[in-house]
Number of protein chains: 2
Amino acid sequence: AMGRAVGLAGLLVGFFLVSAVLVSTSLRHGAPRAEPGPESAEWEDTSGSGPEDSLWPLPQWVRTSRHQLQLAPDRFQLLHGAGSSAGPACGLLQDAFRRYYEYMFGQSRWRKRSRGPLGDRAAPELLQLQVVIESQHSGCHSYPHLGSSEAYHLTVTEPVAVLKADEVWGALRGLETFSQLVHEDGYGSFLVNETEIDDFPRFAHRGILLDSSRHYLPVKSILTNLDAMAFNKFNVLHWHIVDDQSFPYQSIYFPELSDKGAYSYNHIYTPSDVRLVIEYARLRGIRVIPEFDTPGHTQSWGKGQKDLLTPCYDEEQPTGSFGPVNPILNTTYDFMTKFFKEISSVFPDAYIHLGGDEVNFNCWKSNPDVKEFMKKQGFGTDYAKLESYYIQKILDIVSSYNKGYMVWQEVFDNKAQLKPDTVVQVWMENNYAHELSSVTGAGFTAILAAPWYLDYISYGQDWKKYHSVEPLNFPGSEKQKKLLIGGEACLWGEFVDATNLTPRLWPRASAVGERLWSSSNVTDLADAYKRLTNHRCRMLRRGISAEPVFVGYCAHEAR
Amino acid sequence: AMGRAVGLAGLLVGFFLVSAVLVSTSLRHGAPRAEPGPESAEWEDTSGSGPEDSLWPLPQWVRTSRHQLQLAPDRFQLLHGAGSSAGPACGLLQDAFRRYYEYMFGQSRWRKRSRGPLGDRAAPELLQLQVVIESQHSGCHSYPHLGSSEAYHLTVTEPVAVLKADEVWGALRGLETFSQLVHEDGYGSFLVNETEIDDFPRFAHRGILLDSSRHYLPVKSILTNLDAMAFNKFNVLHWHIVDDQSFPYQSIYFPELSDKGAYSYNHIYTPSDVRLVIEYARLRGIRVIPEFDTPGHTQSWGKGQKDLLTPCYDEEQPTGSFGPVNPILNTTYDFMTKFFKEISSVFPDAYIHLGGDEVNFNCWKSNPDVKEFMKKQGFGTDYAKLESYYIQKILDIVSSYNKGYMVWQEVFDNKAQLKPDTVVQVWMENNYAHELSSVTGAGFTAILAAPWYLDYISYGQDWKKYHSVEPLNFPGSEKQKKLLIGGEACLWGEFVDATNLTPRLWPRASAVGERLWSSSNVTDLADAYKRLTNHRCRMLRRGISAEPVFVGYCAHEAR
């Protein structure tokens, strides 16, 4: 079923002429209003409540009309438009069509109503949403990556709406936006205002960090979170999969790692679990970047891999405790070579996060063999040099598999030699602007996490604090600013598991989502409050137990 | 099926002789160890991990043995013991037997195993738990009240365990404790250590405040919370049912109150919802004390009851806004007389909470009629006197229905004339010890809430802070100390609804539960940590999404 885009052509031409200068404007924000488009008589500001009261994150450019169209759930179609490089063979879009149809109409009572013409209301009807992928390479059967295009252009006019995007990733974002425009009126009719939207992300890397080591997270929780991420236009799941506390990743080459390092036989991610997460994410335009943090944060690795960790000493005697990965043994690098070969092939993303944070030197300092190695290498007593020695070797191993890597900021601070495409993640809250300045000043790509540690909870509407962060507010040139490619909301798992993950993360992370997607001038907290409240109710309707923003209720919540 | 208690008689006689002096001791706490009982050779400390590692709240007196008994789920019986004043006609206990049988054996795999003798282990078997209610008035068909006995005595020895209590309320607490003693070993066998427990609550009023006005709480959420309360030996649901934001209580006399004051037609508690909550609570030994807070916190009342609230003025003109209940009109008291007549009959508890907190005087001050009334009454400009005038009348109305009342501390502070059995709830965090001293010094009964506002969240293990509160640590005589009858953990609803209620409340409120039940010397946080972690996993197993205490996992949690 291929649709047609005729009739809209003239409108679109006019639109595209002005859209180039109409960036970053929305109708209901304090930001300077852009000049009206050529159809200004037809298109007006909506001052009261309207569908744009629930758009989240706010698109870069929205123009909406009071003119409403009705949608008949038993007639309305989502389909591939003429000229699209994607068609019914594009499972990703087919799947998205079904999903968004369900989000828009699923929970309603329409099935009880008879088929036939719409009610006695005289509103004109919207019959289709035609999705057109314009690039020859739709991306349908590939994975999203850092350079993927997520831009889209949406026009909703009678009788068909058209969603255009270079790649399927933009179409996914546009489908989310379209579904946010459709609303039910008091009579149960589905309506959408005639609207034009031109949208694209401000930052290319918009991530959520989940930690499945401090507490195991059931696959179902991770999938639910991926749904919520899509609703908020996040595109990276940073999967902090293992750490000191447990090693739930079931390795193919080294099954003892999880056999002995997981909390229990049940608390593991099998290869098929991992594949499921990656595919579920892909279908939502989300990258999965696994983190295998070394040389610190590795206590659980030691249980299943003999001699991997450094034996700690007390007065020349081994204590039986272990410290970070042992950086002085060849066997360590043999292991890592094989291990990261597996990881590079299991996880399709071009990046692996190699960690490198919070290495405690005490155990290394206590170990006589390490001390001797330090001497031999001429490191003196500078254990940061030993850390860099280790990290350097790991980076080289991973590079040899044609993977890029992300690292925590210490790796940069300790002056490891990094490939130019390394992404440095800035997490220390103290003076993070300065760190961003240093990292980008050295020519490296950075992402910001420091102000968005969502595991730190406090009373009240802390989403405002997350929303108010301006990531580019650090000293640096334009070129440096371009090197900040995004950020992450981090939900470390010390106090989080399946019982509280979803309400703790959402809608607080939504604030980060808007900051990373929308224009920098989207800073009106009163307006954001209204939209976030509605957005949260929508997430609830879609099965995400997002906690309340403040007092009130959702029309659809369970009694 | 009446059991028998013979064989235990001798043991019990010996036990009761010493139990009088053996209060407040448990085997694994830093508290001074009580002298060993007459069977000291047989009964030993267990130093490793054992069932007492999960007892919560810790009973007043526990003696446990290494001697283990097996339970066969297809044979084990909970039944009424000889001499009990309760029998199969006691639906409350029958219901509790079924419930605790399920908690002990329900989630296991035993049904897959064949009937017949237990495995090749030579452990002796526990065949029954006999429950004996010793008072002629078992309480079976009544409601729990402030003076109810919750004490119980439990002996677990081969071949039958005996649980004795004056009233069914103590039996409910003892069943909870017994169920906490039963554990599964690595082979899936159910075991219990031979144990003697003598237990009773330190404080008579142990409450949880839920707020169904800032957000509506579905009945199901309230019932789930009642389950969790029973697992933690709480005995009062303080139901802050209405407030400024919404009026979900569906009144029989005044249906407009919820018709217009509830968030929506769906966000109400019908009379049968209320009955369900009360009965579900009763079956768990929990009182339901409703709060109808006036004269402040009443914005939602004004929507469905004309002229109830005070019209506010600005420069001699009504603003269209309303303040607290209008205390100068006879119609106000006519309404309240009828309203509280209904409440007194709908809620069986002997107490109603009348609120009286945070009355803002600005609106009263602005209203010319109120000003004139103040003059006439000789109140000068002291609006606290007007507040007391109002409260006094409400107290008298409620008293006339033979109900006692609870009030927030301001009512006492403002010197309203209170009946001697009034319960004053101390909630202001600033110098609450001083307030406790004043309230009890004036001869009134007090309950403490100030240090247990669980809606105030913070990062980390804040349960330790709640656990470390010593309620009696205020200046006052022994007589004054006796007037502090308990406390409440308050979960105000500004940021809480069904999405996050359970994990936000549990197990944090468990800390308050232990403080209010157990001996004052139960203060070892390391030991409490171990028990709380296990208790939280047990709650999870029983369907309560209690959040994690810290890193780790539960054996039974969902994959």
# chains A, B, ... in the order shown; residues from 1 in each chain; ligands from 1

call {"tool": "interface_residues", "arguments": {"of": "chain B", "to": "chain A", "cutoff": "7 Å", "atoms": "only C-alpha atoms", "output": "list in words"}}
result
Arg214, His215, Pro218, Tyr263, Asn266, His267, Tyr456, Ile457, Ser458, Tyr459, Glu494, Phe495, Val496, Asp497, Thr499, Asn500, Pro503, Ser545, Ala546, Glu547, Pro548, Val549, Phe550, Val551, Gly552, Tyr553, Ala558 and Arg559 of chain B

call {"tool": "select_by_dssp", "arguments": {"residues": "region 40-226 of chain B", "states": "helix (DSSP H, G or I)", "output": "NGL selection string"}}
result
:B and (51-54 or 91-105 or 110-112 or 168-181 or 219-226)

call {"tool": "atom_distance", "arguments": {"atom1": "CA of Phe234 (chain A)", "atom2": "CA of Gly513 (chain A)"}}
result
6.2 Å

call {"tool": "closest_residue", "arguments": {"among": "B:Asn534, B:Thr332, B:Ser438, B:Asn521", "to": "Ser468 (chain B)", "atoms": "only C-alpha atoms"}}
result
B:Asn521

call {"tool": "closest_residue", "arguments": {"among": "A:Leu175, A:Ala262, A:Trp427, A:Asp53", "to": "Ala526 (chain A)", "atoms": "only C-alpha atoms"}}
result
A:Asp53

call {"tool": "residues_around", "arguments": {"residues": "region 77-94 of chain A", "least_positions_apart": "6", "cutoff": "9 Å", "atoms": "only C-alpha atoms", "output": "tab-separated table (two decimals) with all heavy atoms, in the first residue's frame"}}
result
chain	number	residue	atom	x	y	z
A	1	ALA	N	0.84	-1.20	0.00
A	1	ALA	CA	0.00	0.00	0.00
A	1	ALA	C	0.87	1.24	0.00
A	1	ALA	O	1.32	1.69	1.04
A	1	ALA	CB	-0.89	0.00	1.24
A	2	MET	N	1.13	1.77	-1.18
A	2	MET	CA	1.95	2.98	-1.27
A	2	MET	C	1.04	4.21	-1.32
A	2	MET	O	0.07	4.25	-2.09
A	2	MET	CB	2.80	2.94	-2.55
A	2	MET	CG	3.75	1.75	-2.63
A	2	MET	SD	5.05	1.79	-1.37
A	2	MET	CE	6.31	2.74	-2.23
A	3	GLY	N	1.32	5.18	-0.55
A	3	GLY	CA	0.48	6.37	-0.52
A	3	GLY	C	0.93	7.39	-1.56
A	3	GLY	O	1.78	7.12	-2.39
A	4	ARG	N	0.34	8.54	-1.48
A	4	ARG	CA	0.75	9.57	-2.44
A	4	ARG	C	0.95	10.87	-1.68
A	4	ARG	O	0.33	11.13	-0.68
A	4	ARG	CB	-0.29	9.70	-3.56
A	4	ARG	CG	-1.53	10.35	-3.10
A	4	ARG	CD	-2.80	10.02	-3.84
A	4	ARG	NE	-3.83	10.28	-2.87
A	4	ARG	CZ	-4.49	11.46	-2.80
A	4	ARG	NH1	-4.32	12.39	-3.71
A	4	ARG	NH2	-5.35	11.68	-1.85
A	5	ALA	N	1.84	11.68	-2.19
A	5	ALA	CA	2.17	12.92	-1.50
A	5	ALA	C	1.74	14.13	-2.30
A	5	ALA	O	2.00	15.25	-1.94
A	5	ALA	CB	3.67	12.99	-1.24
A	100	TYR	N	3.23	2.12	16.92
A	100	TYR	CA	2.66	3.46	17.11
A	100	TYR	C	1.16	3.49	16.86
A	100	TYR	O	0.45	4.28	17.46
A	100	TYR	CB	3.42	4.50	16.28
A	100	TYR	CG	4.69	4.91	17.00
A	100	TYR	CD1	5.93	4.42	16.63
A	100	TYR	CD2	4.61	5.73	18.12
A	100	TYR	CE1	7.08	4.75	17.34
A	100	TYR	CE2	5.76	6.07	18.84
A	100	TYR	CZ	6.98	5.57	18.44
A	100	TYR	OH	8.10	5.91	19.17
A	101	TYR	N	0.69	2.61	16.02
A	101	TYR	CA	-0.77	2.48	15.89
A	101	TYR	C	-1.36	2.13	17.24
A	101	TYR	O	-2.35	2.72	17.70
A	101	TYR	CB	-1.12	1.41	14.85
A	101	TYR	CG	-2.60	1.27	14.66
A	101	TYR	CD1	-3.28	2.01	13.70
A	101	TYR	CD2	-3.34	0.41	15.48
A	101	TYR	CE1	-4.66	1.91	13.56
A	101	TYR	CE2	-4.71	0.30	15.35
A	101	TYR	CZ	-5.36	1.06	14.39
A	101	TYR	OH	-6.72	0.96	14.26
A	127	LEU	N	-6.46	10.56	6.80
A	127	LEU	CA	-6.60	9.15	6.41
A	127	LEU	C	-5.33	8.34	6.57
A	127	LEU	O	-5.38	7.14	6.80
A	127	LEU	CB	-7.06	9.07	4.94
A	127	LEU	CG	-8.47	9.57	4.68
A	127	LEU	CD1	-8.71	9.69	3.18
A	127	LEU	CD2	-9.49	8.63	5.32
A	128	GLN	N	-4.19	9.01	6.38
A	128	GLN	CA	-2.93	8.27	6.36
A	128	GLN	C	-1.79	9.08	6.94
A	128	GLN	O	-1.81	10.31	6.92
A	128	GLN	CB	-2.53	7.95	4.90
A	128	GLN	CG	-3.51	7.11	4.15
A	128	GLN	CD	-3.04	6.85	2.72
A	128	GLN	OE1	-2.16	7.55	2.20
A	128	GLN	NE2	-3.63	5.84	2.08
A	129	LEU	N	-0.80	8.34	7.39
A	129	LEU	CA	0.51	8.94	7.57
A	129	LEU	C	1.45	8.20	6.62
A	129	LEU	O	1.64	6.99	6.74
A	129	LEU	CB	1.02	8.80	9.01
A	129	LEU	CG	2.47	9.28	9.22
A	129	LEU	CD1	2.61	10.78	8.98
A	129	LEU	CD2	2.99	8.90	10.60
A	130	GLN	N	1.95	8.96	5.65
A	130	GLN	CA	2.87	8.37	4.68
A	130	GLN	C	4.30	8.65	5.12
A	130	GLN	O	4.67	9.80	5.37
A	130	GLN	CB	2.64	8.98	3.30
A	130	GLN	CG	1.21	8.76	2.80
A	130	GLN	CD	1.00	9.35	1.43
A	130	GLN	OE1	1.87	10.04	0.89
A	130	GLN	NE2	-0.17	9.09	0.85
A	131	VAL	N	5.07	7.60	5.20
A	131	VAL	CA	6.46	7.73	5.65
A	131	VAL	C	7.38	7.55	4.46
A	131	VAL	O	7.33	6.54	3.76
A	131	VAL	CB	6.78	6.71	6.75
A	131	VAL	CG1	8.24	6.81	7.18
A	131	VAL	CG2	5.84	6.92	7.95
A	132	VAL	N	8.20	8.54	4.23
A	132	VAL	CA	9.09	8.52	3.08
A	132	VAL	C	10.54	8.60	3.54
A	132	VAL	O	10.94	9.57	4.19
A	132	VAL	CB	8.79	9.72	2.14
A	132	VAL	CG1	9.73	9.69	0.93
A	132	VAL	CG2	7.33	9.72	1.70
A	133	ILE	N	11.29	7.56	3.23
A	133	ILE	CA	12.73	7.57	3.52
A	133	ILE	C	13.42	8.05	2.25
A	133	ILE	O	13.27	7.43	1.18
A	133	ILE	CB	13.23	6.16	3.92
A	133	ILE	CG1	12.37	5.59	5.05
A	133	ILE	CG2	14.71	6.22	4.30
A	133	ILE	CD1	12.33	6.41	6.31
A	134	GLU	N	14.15	9.13	2.37
A	134	GLU	CA	14.65	9.79	1.17
A	134	GLU	C	16.03	9.34	0.72
A	134	GLU	O	16.37	9.44	-0.44
A	134	GLU	CB	14.61	11.31	1.38
A	134	GLU	CG	13.16	11.78	1.58
A	134	GLU	CD	13.03	13.30	1.64
A	134	GLU	OE1	13.74	13.91	2.47
A	134	GLU	OE2	12.23	13.85	0.87
A	135	SER	N	16.84	8.88	1.66
A	135	SER	CA	18.16	8.42	1.27
A	135	SER	C	18.04	7.04	0.62
A	135	SER	O	17.16	6.24	0.95
A	135	SER	CB	19.07	8.34	2.49
A	135	SER	OG	20.17	7.50	2.24
A	136	GLN	N	18.95	6.77	-0.31
A	136	GLN	CA	18.95	5.45	-0.93
A	136	GLN	C	19.22	4.36	0.10
A	136	GLN	O	18.70	3.26	0.02
A	136	GLN	CB	20.00	5.39	-2.04
A	136	GLN	CG	19.48	5.88	-3.37
A	136	GLN	CD	18.14	5.25	-3.76
A	136	GLN	OE1	17.06	5.84	-3.52
A	136	GLN	NE2	18.17	4.04	-4.33
A	137	HIS	N	20.03	4.72	1.08
A	137	HIS	CA	20.34	3.76	2.14
A	137	HIS	C	19.44	4.05	3.34
A	137	HIS	O	19.75	4.88	4.18
A	137	HIS	CB	21.82	3.84	2.52
A	137	HIS	CG	22.70	3.60	1.34
A	137	HIS	ND1	22.94	2.35	0.83
A	137	HIS	CD2	23.38	4.46	0.53
A	137	HIS	CE1	23.71	2.42	-0.22
A	137	HIS	NE2	24.01	3.70	-0.44
A	138	SER	N	18.33	3.36	3.38
A	138	SER	CA	17.32	3.68	4.40
A	138	SER	C	17.82	3.38	5.80
A	138	SER	O	17.36	3.98	6.77
A	138	SER	CB	16.06	2.85	4.14
A	138	SER	OG	16.34	1.47	4.34
A	139	GLY	N	18.71	2.43	5.94
A	139	GLY	CA	19.19	2.03	7.26
A	139	GLY	C	18.37	0.92	7.86
A	139	GLY	O	18.68	0.43	8.95
A	140	CYS	N	17.35	0.50	7.15
A	140	CYS	CA	16.41	-0.52	7.64
A	140	CYS	C	17.05	-1.72	8.28
A	140	CYS	O	16.58	-2.22	9.28
A	140	CYS	CB	15.61	-1.02	6.44
A	140	CYS	SG	13.89	-0.73	6.69
A	141	HIS	N	18.09	-2.22	7.62
A	141	HIS	CA	18.65	-3.48	8.09
A	141	HIS	C	20.01	-3.27	8.75
A	141	HIS	O	20.79	-4.20	8.88
A	141	HIS	CB	18.74	-4.47	6.93
A	141	HIS	CG	17.40	-4.74	6.32
A	141	HIS	ND1	16.43	-5.50	6.95
A	141	HIS	CD2	16.83	-4.26	5.18
A	141	HIS	CE1	15.34	-5.53	6.21
A	141	HIS	NE2	15.54	-4.77	5.12
A	162	VAL	N	2.46	13.55	5.98
A	162	VAL	CA	3.67	13.02	5.38
A	162	VAL	C	4.83	13.21	6.33
A	162	VAL	O	5.04	14.29	6.88
A	162	VAL	CB	3.98	13.71	4.03
A	162	VAL	CG1	5.31	13.20	3.46
A	162	VAL	CG2	2.85	13.48	3.04
A	163	LEU	N	5.55	12.12	6.53
A	163	LEU	CA	6.75	12.15	7.38
A	163	LEU	C	7.94	11.81	6.50
A	163	LEU	O	8.01	10.70	5.94
A	163	LEU	CB	6.60	11.11	8.50
A	163	LEU	CG	7.83	10.81	9.35
A	163	LEU	CD1	8.33	12.07	10.07
A	163	LEU	CD2	7.53	9.70	10.36
A	164	LYS	N	8.85	12.77	6.35
A	164	LYS	CA	10.02	12.53	5.53
A	164	LYS	C	11.27	12.51	6.39
A	164	LYS	O	11.40	13.32	7.32
A	164	LYS	CB	10.17	13.64	4.48
A	164	LYS	CG	9.03	13.67	3.47
A	164	LYS	CD	9.42	14.44	2.22
A	164	LYS	CE	8.32	14.26	1.16
A	164	LYS	NZ	8.75	14.72	-0.16
A	167	GLU	N	16.79	8.80	6.83
A	167	GLU	CA	16.98	7.40	7.21
A	167	GLU	C	15.84	6.97	8.12
A	167	GLU	O	15.12	7.81	8.67
A	167	GLU	CB	18.32	7.22	7.93
A	167	GLU	CG	19.52	7.66	7.11
A	167	GLU	CD	20.85	7.48	7.83
A	167	GLU	OE1	20.83	7.17	9.05
A	167	GLU	OE2	21.89	7.66	7.20
A	168	VAL	N	15.73	5.69	8.31
A	168	VAL	CA	14.67	5.18	9.18
A	168	VAL	C	14.77	5.75	10.60
A	168	VAL	O	13.77	5.86	11.30
A	168	VAL	CB	14.67	3.63	9.25
A	168	VAL	CG1	14.22	3.04	7.94
A	168	VAL	CG2	16.02	3.08	9.69
A	171	ALA	N	12.75	8.64	10.82
A	171	ALA	CA	11.34	8.26	10.74
A	171	ALA	C	10.84	7.79	12.11
A	171	ALA	O	9.70	8.10	12.51
A	171	ALA	CB	11.15	7.17	9.69
A	172	LEU	N	11.67	7.05	12.82
A	172	LEU	CA	11.27	6.60	14.17
A	172	LEU	C	11.01	7.79	15.08
A	172	LEU	O	10.02	7.83	15.82
A	172	LEU	CB	12.36	5.72	14.79
A	172	LEU	CG	12.57	4.33	14.17
A	172	LEU	CD1	13.78	3.65	14.79
A	172	LEU	CD2	11.31	3.47	14.37
A	282	ARG	N	17.74	-1.69	18.57
A	282	ARG	CA	17.90	-1.30	17.16
A	282	ARG	C	16.56	-0.89	16.56
A	282	ARG	O	16.45	0.11	15.85
A	282	ARG	CB	18.48	-2.48	16.36
A	282	ARG	CG	18.78	-2.15	14.89
A	282	ARG	CD	19.21	-3.37	14.10
A	282	ARG	NE	18.08	-4.17	13.66
A	282	ARG	CZ	17.36	-3.94	12.56
A	282	ARG	NH1	17.68	-2.93	11.77
A	282	ARG	NH2	16.34	-4.72	12.25
A	283	LEU	N	15.53	-1.67	16.86
A	283	LEU	CA	14.20	-1.38	16.30
A	283	LEU	C	13.67	-0.04	16.78
A	283	LEU	O	12.71	0.49	16.22
A	283	LEU	CB	13.22	-2.50	16.65
A	283	LEU	CG	13.49	-3.85	15.98
A	283	LEU	CD1	12.56	-4.92	16.53
A	283	LEU	CD2	13.32	-3.73	14.45
A	284	ARG	N	14.25	0.50	17.82
A	284	ARG	CA	13.87	1.81	18.34
A	284	ARG	C	14.93	2.87	18.08
A	284	ARG	O	14.89	3.95	18.67
A	284	ARG	CB	13.57	1.68	19.85
A	284	ARG	CG	12.23	0.99	20.11
A	284	ARG	CD	12.17	0.22	21.39
A	284	ARG	NE	10.90	-0.49	21.47
A	284	ARG	CZ	10.63	-1.66	20.85
A	284	ARG	NH1	11.57	-2.24	20.12
A	284	ARG	NH2	9.45	-2.23	20.97

call {"tool": "closest_residue", "arguments": {"among": "A:Asn225, A:Arg542, A:Lys481, A:His535", "to": "Ser54 (chain A)", "atoms": "only C-alpha atoms"}}
result
A:His535

call {"tool": "residues_around", "arguments": {"residues": "Trp56 (chain A)", "least_positions_apart": "3", "cutoff": "10 Å", "atoms": "only C-alpha atoms", "output": "MDAnalysis selection string"}}
result
chainID A and resid 52:53 59 176:177 180 231:233 510:511 513:514 517:518 528 531:532 534:536

call {"tool": "residues_around", "arguments": {"residues": "Gly476 (chain A)", "least_positions_apart": "3", "cutoff": "8 Å", "atoms": "only C-alpha atoms", "output": "MDAnalysis selection string"}}
result
chainID A and resid 437 440:441 479:481

call {"tool": "write_last_selection", "arguments": {"atoms": "N, CA and C atoms", "output": "CSV table (one decimal), in the first residue's frame"}}
result
chain,number,residue,atom,x,y,z
A,437,SER,N,36.3,21.6,28.9
A,437,SER,CA,37.2,22.5,28.2
A,437,SER,C,38.6,21.8,27.9
A,440,THR,N,38.0,18.7,25.2
A,440,THR,CA,37.8,19.2,23.9
A,440,THR,C,39.0,20.1,23.4
A,441,GLY,N,39.6,20.7,24.3
A,441,GLY,CA,40.8,21.5,24.0
A,441,GLY,C,41.9,20.6,23.4
A,479,LYS,N,35.0,25.3,17.8
A,479,LYS,CA,35.4,24.0,17.4
A,479,LYS,C,35.3,23.0,18.6
A,480,GLN,N,35.7,23.6,19.7
A,480,GLN,CA,35.6,22.7,21.0
A,480,GLN,C,34.2,22.4,21.3
A,481,LYS,N,33.3,23.3,21.1
A,481,LYS,CA,31.9,23.1,21.4
A,481,LYS,C,31.3,22.0,20.5

call {"tool": "closest_residue", "arguments": {"among": "A:Ala123, A:Leu472, A:Leu484, A:Leu154", "to": "Val424 (chain A)", "atoms": "only C-alpha atoms"}}
result
A:Leu484

call {"tool": "atom_distance", "arguments": {"atom1": "CA of Thr331 (chain B)", "atom2": "CA of Leu308 (chain B)"}}
result
7.8 Å
